Amino acid sequence: MAAMETREAGFGLPPSVWRPIANVLATLMTLTAIGWALSVNRYFGLGLYPQQFFAAMLVFVLPVAYLTLPARQGSERTTVPIYDVVLALASMAAFGFIAVKYPQLVLMIFARPLEVWLPGLIAIVLTLEALRRATGWALVIIIAVFLLYALFGDVFPGRLQGRPQNWQLLSGYMAFDSNGILGLPMSIASTVVVAFILFGVLLNLTGGSHFFTDAAIIGMGRYRGGSMKIAVLASGLFGSISGSAVANVVGTGVVTIPMIKRDGYPGHKAGAIEAVASTGGQLMPPVMGASAFLMAEFLAVPYSSIVLAALVPAILYYVALFIQADLEAAKLGIRAIPKEDIPDRRKVMVGMHFVLAFAVLIYLLFWQRYQPERAALWSALALIGTSMVIGYDGVRPTLRTILSALSRTGLGVVEILLISAASGIVIGVLNVTGLSFNLTYLLVQIGGGSAVILLALSAIVCIILGMGLPTLGVYVLLAALVAPALVEVGIEPIAAHLYVLYFGMMSMITPPIALAAFAAASIAKSPSMATGWAAMRFGWSAYVIPVLFVFSPTLILIGAPFEIALALVTAIVGVWLISSALAGYFSQRLSKSKRVLFAVFGLLSLMPAGMFEGAIYSDALGVLGGIALMGNEIRRSRATAEVRA
């Protein structure tokens with residue numbers, strides 16, 4: 001079909017022409033982002049509005065999208081048909097005009113002149129078409145619904161009724177106003193995200209990904225279920241940087257899933273644990289699929305506050321997954337990785353210089369208070385320097401490698417930048433129509449002012465709205481539509497935003513549309529729905545932990561140090577108990593009654609002491625009862641082993 005589509009085009013740009021052009025544009029995109037992050041324009045006395053920079057980024061983004069993404073998803077791009085060349089040039093012209101003329105035209109939006117609404121209309125249409133090619137129809141349909149609401153908001157009943165907008169005014173507003181395409185999501189994606197993706201690309205090209213995989217094998221390969229634990233560690237690390245759960249499944253799953261299956265795990269469980277580990281990467285600081293930076297902007301708090309708040313829930317998520325991997329291995333009798341497959345420790349120690357790059361990143365972010373994009377760029381520079389001198393496994397970056405990293409970064413951020421630009425349209429509609437206030441009022445009204453009802457309703461809405469959307473798109477949508485209602489009923493703002501992010505990301509592993517689980521299933525060659533249900537079981541903690549930190553912010557490090565430490569310890573005990581109940585195994589197989597007891601004591605332990613009045617007693621009961629139960633199981637398993645001996 002792809003070949004037929006190319007023949008029907010008759011003629012166009014062959015790969016020898018369009019690929020170099022796309023690589024050059026992608027490289028320029030990355031260099032433009034680096035230049036802005038380092039304030040290069042100021043050294044030349046060039047004062048620019050941030051929106052001019054965002055528009056300049058889109059001058060490169062959309063042409064790259066039209067050159068590299070075929071009109072029909074799933075088909076292979078060979079020759080670029082002439083209509084895509086026209087669309088690439090039109091998008092470049094529209095955003096180039098906006099970038100150059102922005103200072104003169106931004107104040108004329110409400111006058112609706114031709115030179116404002118026409119490039120705005122072209123920008124909207126071409127951005128949505130490029131987004132469709134990159135991500136599919138789901139997000140495009142949602143944004144189209146918002147635009148229709150902006151045009152015909154007066155026909156909606158009750159509290160959803162909005163202010164209808166003139167289509168010419170709406171076109172200009174979306175293209176020129178700082179609440180539209182050139183708004184907050186583009187601000188984060190075109191600076192912070194590009195810098196971190198560059199860091200991740202360089203890490204891969206210099207052998208860093210190979211080093212961390214080898215380190216994970218050395219650390220976990222000697223223990224039972226080592227392959228599963230390696231997948232948890234590797235996918236969690238790279239998922240945080242990748243910006244997409246599905247992309248991480250595809251990127252790391254092709255290595256980890258066959259390894260897990262080779263050890264004897266069923267295919268659906270191998271795919272499920274990879275999907276859950278990759279999805280959790282979007283919840284793990286410091287990057288959180290770029291959501292952390294955007295969350296800091298939404299809440300007007302330091303980035304470090306978001307990272308600290310998200311840290312404990314993410315740790316609990318991976319502790320639960322790690323424990324289940326270990327228990328599954330024990331239940332299935334899966335042994336450690338063969339010694340001959342474990343890398344030489346001395347060889348791996350050479351790669352410790354990669355850790356230095358992360359140390360630089362953390363030092364600059366948290367101690368020197370650098371802007372995230374600058375910290376990422378300095379870390380990338382440290383990575384290049386140490387890799388050139390030391391290298392890893394015979395790999396040392398050359399100038400060609402660095403140039404390749406620039407183009408790969410540009411190509412890699414196209415989807416995220418398109419999502420960010422399109423997400424600005426949603427925020428623009430919410431602002432210009434008053435829908436944000438109306439929807440918040442409606443959700444609170446439906447919930448009857450009850451935080452419990454509103455949380456349950458919000459969780460369902462988050463999972464439904466998140467289906468089929470990438471991380472950044474999920475968060476922007478939910479932060480604008482659902483989080484304000486949670487804040488309205490008295491929930492801590494950071495807890496509200498983390499809550500919607502967690503349940504939005506759970507759409508990735510929750511059937512019937514579980515994109516991360518289905519992507520893993522295709523690699524594992526296992527049934528999609530079976531993999532999805534297994535992923536829900538492995539990822540159970542992400543459905544519970546957000547509810548806990550909403551009612552007791554100690555789990556997001558808000559409270560007295562002793563209360564926070566107590567909440568963390570008891571939560572880990574609770575996670576262990578519930579994971580054992582779900583696996584049906586602790587030190588030996590558990591009967592149904594024992595599984596119920598493990599689950600009950602686990603739930604009691606999980607509830608933080610400050611969750612409600614008297615919760616400290618239920619917490620103590622859960623921990624003491626759980627420890628007694630675990631001790632009894634260990635004693636029984638030892639007695640059984642002695643009898644068999």
# chains A, B, ... in the order shown; residues from 1 in each chain; ligands from 1
$ residues_around --residues "Met92 of chain A" --least-positions-apart "6" --cutoff "12 Å" --atoms "only C-alpha atoms" --output "list in words"
Leu25, Ala55, Ala56, Met57, Leu58, Val59, Phe60, Val61, Leu62, Pro63, Val64, Ala65, Tyr66, Val85, Val86, Ile98, Ala99, Val100, Pro119, Ile122, Ala123, Leu126 and Thr127 of chain A
$ write_last_selection --atoms "N, CA and C atoms" --output "PDB file, in the first residue's frame"
ATOM      1  N   LEU A  25      17.788  20.212   8.904  1.00  0.00           N
ATOM      2  CA  LEU A  25      16.752  20.947   9.643  1.00  0.00           C
ATOM      3  C   LEU A  25      16.694  20.485  11.105  1.00  0.00           C
ATOM      4  N   ALA A  55       8.326  30.022  17.728  1.00  0.00           N
ATOM      5  CA  ALA A  55       7.918  29.980  16.323  1.00  0.00           C
ATOM      6  C   ALA A  55       9.079  29.544  15.434  1.00  0.00           C
ATOM      7  N   ALA A  56      10.299  30.010  15.762  1.00  0.00           N
ATOM      8  CA  ALA A  56      11.477  29.611  14.984  1.00  0.00           C
ATOM      9  C   ALA A  56      11.719  28.108  15.102  1.00  0.00           C
ATOM     10  N   MET A  57      11.461  27.549  16.277  1.00  0.00           N
ATOM     11  CA  MET A  57      11.597  26.094  16.435  1.00  0.00           C
ATOM     12  C   MET A  57      10.606  25.365  15.534  1.00  0.00           C
ATOM     13  N   LEU A  58       9.386  25.876  15.457  1.00  0.00           N
ATOM     14  CA  LEU A  58       8.366  25.237  14.619  1.00  0.00           C
ATOM     15  C   LEU A  58       8.655  25.420  13.130  1.00  0.00           C
ATOM     16  N   VAL A  59       9.458  26.413  12.803  1.00  0.00           N
ATOM     17  CA  VAL A  59       9.916  26.573  11.411  1.00  0.00           C
ATOM     18  C   VAL A  59      10.673  25.322  10.969  1.00  0.00           C
ATOM     19  N   PHE A  60      11.383  24.690  11.893  1.00  0.00           N
ATOM     20  CA  PHE A  60      12.119  23.460  11.588  1.00  0.00           C
ATOM     21  C   PHE A  60      11.274  22.212  11.838  1.00  0.00           C
ATOM     22  N   VAL A  61      10.463  22.239  12.905  1.00  0.00           N
ATOM     23  CA  VAL A  61       9.736  21.040  13.338  1.00  0.00           C
ATOM     24  C   VAL A  61       8.757  20.555  12.273  1.00  0.00           C
ATOM     25  N   LEU A  62       7.908  21.438  11.791  1.00  0.00           N
ATOM     26  CA  LEU A  62       6.869  20.993  10.846  1.00  0.00           C
ATOM     27  C   LEU A  62       7.441  20.508   9.517  1.00  0.00           C
ATOM     28  N   PRO A  63       8.410  21.208   8.905  1.00  0.00           N
ATOM     29  CA  PRO A  63       8.997  20.642   7.685  1.00  0.00           C
ATOM     30  C   PRO A  63       9.623  19.263   7.906  1.00  0.00           C
ATOM     31  N   VAL A  64      10.305  19.072   9.036  1.00  0.00           N
ATOM     32  CA  VAL A  64      10.874  17.745   9.327  1.00  0.00           C
ATOM     33  C   VAL A  64       9.762  16.705   9.423  1.00  0.00           C
ATOM     34  N   ALA A  65       8.657  17.085  10.063  1.00  0.00           N
ATOM     35  CA  ALA A  65       7.524  16.154  10.181  1.00  0.00           C
ATOM     36  C   ALA A  65       6.977  15.777   8.815  1.00  0.00           C
ATOM     37  N   TYR A  66       6.790  16.755   7.939  1.00  0.00           N
ATOM     38  CA  TYR A  66       6.222  16.460   6.623  1.00  0.00           C
ATOM     39  C   TYR A  66       7.204  15.732   5.712  1.00  0.00           C
ATOM     40  N   VAL A  85       6.030  18.195   0.119  1.00  0.00           N
ATOM     41  CA  VAL A  85       7.008  19.276  -0.055  1.00  0.00           C
ATOM     42  C   VAL A  85       6.301  20.625   0.062  1.00  0.00           C
ATOM     43  N   VAL A  86       5.117  20.735  -0.561  1.00  0.00           N
ATOM     44  CA  VAL A  86       4.338  21.976  -0.488  1.00  0.00           C
ATOM     45  C   VAL A  86       3.931  22.272   0.956  1.00  0.00           C
ATOM     46  N   ILE A  98       5.369  34.388  11.325  1.00  0.00           N
ATOM     47  CA  ILE A  98       4.982  34.673  12.716  1.00  0.00           C
ATOM     48  C   ILE A  98       6.206  35.048  13.543  1.00  0.00           C
ATOM     49  N   ALA A  99       7.310  34.336  13.349  1.00  0.00           N
ATOM     50  CA  ALA A  99       8.524  34.614  14.116  1.00  0.00           C
ATOM     51  C   ALA A  99       9.066  36.012  13.832  1.00  0.00           C
ATOM     52  N   VAL A 100       9.076  36.396  12.566  1.00  0.00           N
ATOM     53  CA  VAL A 100       9.649  37.688  12.179  1.00  0.00           C
ATOM     54  C   VAL A 100       8.718  38.843  12.543  1.00  0.00           C
ATOM     55  N   PRO A 119      -1.985  33.505   8.529  1.00  0.00           N
ATOM     56  CA  PRO A 119      -0.897  32.603   8.963  1.00  0.00           C
ATOM     57  C   PRO A 119      -1.289  31.780  10.182  1.00  0.00           C
ATOM     58  N   ILE A 122      -3.328  28.797   8.879  1.00  0.00           N
ATOM     59  CA  ILE A 122      -2.411  27.841   8.245  1.00  0.00           C
ATOM     60  C   ILE A 122      -1.619  27.086   9.310  1.00  0.00           C
ATOM     61  N   ALA A 123      -1.160  27.806  10.327  1.00  0.00           N
ATOM     62  CA  ALA A 123      -0.369  27.193  11.400  1.00  0.00           C
ATOM     63  C   ALA A 123      -1.175  26.132  12.153  1.00  0.00           C
ATOM     64  N   LEU A 126      -1.914  22.977   9.723  1.00  0.00           N
ATOM     65  CA  LEU A 126      -0.722  22.185   9.420  1.00  0.00           C
ATOM     66  C   LEU A 126      -0.136  21.545  10.675  1.00  0.00           C
ATOM     67  N   THR A 127      -0.267  22.197  11.822  1.00  0.00           N
ATOM     68  CA  THR A 127       0.197  21.597  13.076  1.00  0.00           C
ATOM     69  C   THR A 127      -0.622  20.364  13.414  1.00  0.00           C
TER      70      THR A 127
END
$ residues_around --residues "segment 72-81 of chain A" --least-positions-apart "2" --cutoff "7 Å" --atoms "only C-alpha atoms" --output "list of chain:residue names"
A:Ala2, A:Thr6, A:Ala9, A:Phe11, A:Gly12, A:Leu13, A:Pro14, A:Pro15, A:Leu67, A:Thr68, A:Leu69, A:Pro70, A:Tyr83, A:Asp84, A:Val85, A:Arg133
$ write_last_selection --atoms "C-alpha atoms" --output "JSON list (two decimals), in the first residue's frame"
[["chain", "number", "residue", "atom", "x", "y", "z"],
["A", 2, "ALA", "CA", 2.86, 2.36, 0.84],
["A", 6, "THR", "CA", 4.34, 6.54, -3.71],
["A", 9, "ALA", "CA", 2.36, 10.62, -6.39],
["A", 11, "PHE", "CA", 7.32, 12.14, -8.59],
["A", 12, "GLY", "CA", 8.86, 13.77, -5.56],
["A", 13, "LEU", "CA", 12.03, 13.96, -3.52],
["A", 14, "PRO", "CA", 14.08, 10.72, -3.40],
["A", 15, "PRO", "CA", 15.70, 9.62, -0.12],
["A", 67, "LEU", "CA", 9.48, 15.16, 5.17],
["A", 68, "THR", "CA", 9.81, 12.14, 7.47],
["A", 69, "LEU", "CA", 6.23, 11.14, 8.33],
["A", 70, "PRO", "CA", 4.04, 9.63, 5.58],
["A", 83, "TYR", "CA", 2.21, 17.66, -1.80],
["A", 84, "ASP", "CA", 4.31, 16.99, 1.31],
["A", 85, "VAL", "CA", 7.01, 19.28, -0.05],
["A", 133, "ARG", "CA", 0.91, 11.73, 11.34]]
$ closest_residue --among "A:Ala71, A:Ala320, A:Leu361, A:Ile142" --to "Val276 of chain A" --atoms "only C-alpha atoms"
A:Ala320
$ closest_atom_pairs --of "segment 67-130 of chain A" --to "segment 164-169 of chain A" --cutoff "9 Å" --atoms "only C-alpha atoms" --output "JSON lines"
{"residue": "A:Ile109", "atom": "CA", "partner": "A:Leu169", "partner_atom": "CA", "distance": 6.6}
{"residue": "A:Phe110", "atom": "CA", "partner": "A:Leu169", "partner_atom": "CA", "distance": 6.1}
{"residue": "A:Ala111", "atom": "CA", "partner": "A:Leu169", "partner_atom": "CA", "distance": 7.9}
{"residue": "A:Arg112", "atom": "CA", "partner": "A:Leu169", "partner_atom": "CA", "distance": 5.6}
{"residue": "A:Pro113", "atom": "CA", "partner": "A:Gln168", "partner_atom": "CA", "distance": 8.5}
{"residue": "A:Leu114", "atom": "CA", "partner": "A:Gln168", "partner_atom": "CA", "distance": 8.6}
{"residue": "A:Val116", "atom": "CA", "partner": "A:Gln168", "partner_atom": "CA", "distance": 8.5}
{"residue": "A:Trp117", "atom": "CA", "partner": "A:Gln168", "partner_atom": "CA", "distance": 5.3}
{"residue": "A:Leu118", "atom": "CA", "partner": "A:Gln168", "partner_atom": "CA", "distance": 8.0}
{"residue": "A:Gly120", "atom": "CA", "partner": "A:Gln168", "partner_atom": "CA", "distance": 8.6}
{"residue": "A:Leu121", "atom": "CA", "partner": "A:Gln168", "partner_atom": "CA", "distance": 8.0}
$ residues_around --residues "segment 532-549 of chain A" --least-positions-apart "5" --cutoff "6 Å" --atoms "only C-alpha atoms" --output "NGL selection string"
:A and (272 or 276 or 317 or 499 or 509 or 511 or 517 or 555)
$ residues_around --residues "Lys331 of chain A" --least-positions-apart "2" --cutoff "9 Å" --atoms "only C-alpha atoms" --output "PyMOL selection string"
chain A and resi 326-329+333-334+583-586+588-589
$ decode --residues "segment 363-391 of chain A" --atoms "N, CA and C atoms" --output "mmCIF file, in the first residue's frame"
data_model
loop_
_atom_site.group_PDB
_atom_site.id
_atom_site.type_symbol
_atom_site.label_atom_id
_atom_site.label_comp_id
_atom_site.auth_asym_id
_atom_site.auth_seq_id
_atom_site.Cartn_x
_atom_site.Cartn_y
_atom_site.Cartn_z
ATOM 1 N N TYR A 363 24.105 17.909 40.751
ATOM 2 C CA TYR A 363 24.769 19.014 41.456
ATOM 3 C C TYR A 363 24.302 20.369 40.929
ATOM 4 N N LEU A 364 24.257 20.510 39.628
ATOM 5 C CA LEU A 364 23.865 21.798 39.038
ATOM 6 C C LEU A 364 22.384 22.096 39.278
ATOM 7 N N LEU A 365 21.553 21.059 39.252
ATOM 8 C CA LEU A 365 20.116 21.270 39.437
ATOM 9 C C LEU A 365 19.770 21.653 40.877
ATOM 10 N N PHE A 366 20.336 20.921 41.830
ATOM 11 C CA PHE A 366 19.871 21.052 43.214
ATOM 12 C C PHE A 366 20.766 21.898 44.106
ATOM 13 N N TRP A 367 22.030 21.993 43.768
ATOM 14 C CA TRP A 367 22.909 22.810 44.605
ATOM 15 C C TRP A 367 23.206 24.167 43.970
ATOM 16 N N GLN A 368 23.456 24.188 42.689
ATOM 17 C CA GLN A 368 23.740 25.455 42.014
ATOM 18 C C GLN A 368 22.493 26.142 41.468
ATOM 19 N N ARG A 369 21.338 25.430 41.519
ATOM 20 C CA ARG A 369 20.054 25.987 41.077
ATOM 21 C C ARG A 369 20.097 26.459 39.622
ATOM 22 N N TYR A 370 20.794 25.709 38.780
ATOM 23 C CA TYR A 370 20.818 26.028 37.357
ATOM 24 C C TYR A 370 19.437 25.777 36.754
ATOM 25 N N GLN A 371 19.151 26.489 35.663
ATOM 26 C CA GLN A 371 17.958 26.148 34.891
ATOM 27 C C GLN A 371 18.142 24.728 34.359
ATOM 28 N N PRO A 372 17.061 23.927 34.328
ATOM 29 C CA PRO A 372 17.206 22.522 33.916
ATOM 30 C C PRO A 372 17.891 22.340 32.570
ATOM 31 N N GLU A 373 17.551 23.194 31.588
ATOM 32 C CA GLU A 373 18.157 23.018 30.273
ATOM 33 C C GLU A 373 19.658 23.275 30.293
ATOM 34 N N ARG A 374 20.101 24.262 31.084
ATOM 35 C CA ARG A 374 21.539 24.531 31.174
ATOM 36 C C ARG A 374 22.255 23.401 31.911
ATOM 37 N N ALA A 375 21.624 22.896 32.963
ATOM 38 C CA ALA A 375 22.230 21.774 33.696
ATOM 39 C C ALA A 375 22.388 20.563 32.780
ATOM 40 N N ALA A 376 21.372 20.288 31.962
ATOM 41 C CA ALA A 376 21.435 19.153 31.043
ATOM 42 C C ALA A 376 22.537 19.344 30.002
ATOM 43 N N LEU A 377 22.704 20.572 29.509
ATOM 44 C CA LEU A 377 23.732 20.839 28.500
ATOM 45 C C LEU A 377 25.135 20.693 29.084
ATOM 46 N N TRP A 378 25.348 21.190 30.299
ATOM 47 C CA TRP A 378 26.654 21.016 30.936
ATOM 48 C C TRP A 378 26.927 19.541 31.213
ATOM 49 N N SER A 379 25.898 18.802 31.580
ATOM 50 C CA SER A 379 26.061 17.357 31.818
ATOM 51 C C SER A 379 26.414 16.645 30.516
ATOM 52 N N ALA A 380 25.776 17.066 29.426
ATOM 53 C CA ALA A 380 26.084 16.487 28.113
ATOM 54 C C ALA A 380 27.534 16.776 27.734
ATOM 55 N N LEU A 381 27.989 17.998 28.043
ATOM 56 C CA LEU A 381 29.380 18.361 27.749
ATOM 57 C C LEU A 381 30.343 17.510 28.574
ATOM 58 N N ALA A 382 30.017 17.291 29.851
ATOM 59 C CA ALA A 382 30.852 16.426 30.698
ATOM 60 C C ALA A 382 30.882 15.006 30.150
ATOM 61 N N LEU A 383 29.731 14.542 29.676
ATOM 62 C CA LEU A 383 29.629 13.201 29.108
ATOM 63 C C LEU A 383 30.519 13.070 27.870
ATOM 64 N N ILE A 384 30.471 14.073 26.997
ATOM 65 C CA ILE A 384 31.299 14.041 25.789
ATOM 66 C C ILE A 384 32.780 14.020 26.163
ATOM 67 N N GLY A 385 33.172 14.881 27.129
ATOM 68 C CA GLY A 385 34.575 14.981 27.524
ATOM 69 C C GLY A 385 35.120 13.684 28.081
ATOM 70 N N THR A 386 34.403 13.084 29.048
ATOM 71 C CA THR A 386 34.892 11.837 29.647
ATOM 72 C C THR A 386 34.861 10.674 28.656
ATOM 73 N N SER A 387 33.860 10.679 27.776
ATOM 74 C CA SER A 387 33.753 9.589 26.798
ATOM 75 C C SER A 387 34.877 9.657 25.770
ATOM 76 N N MET A 388 35.277 10.872 25.397
ATOM 77 C CA MET A 388 36.378 11.015 24.454
ATOM 78 C C MET A 388 37.697 10.527 25.053
ATOM 79 N N VAL A 389 37.874 10.786 26.351
ATOM 80 C CA VAL A 389 39.132 10.419 27.007
ATOM 81 C C VAL A 389 39.145 8.943 27.393
ATOM 82 N N ILE A 390 38.029 8.457 27.973
ATOM 83 C CA ILE A 390 38.010 7.097 28.533
ATOM 84 C C ILE A 390 37.284 6.111 27.613
ATOM 85 N N GLY A 391 36.080 6.489 27.167
ATOM 86 C CA GLY A 391 35.293 5.615 26.307
ATOM 87 C C GLY A 391 34.712 4.439 27.074
#
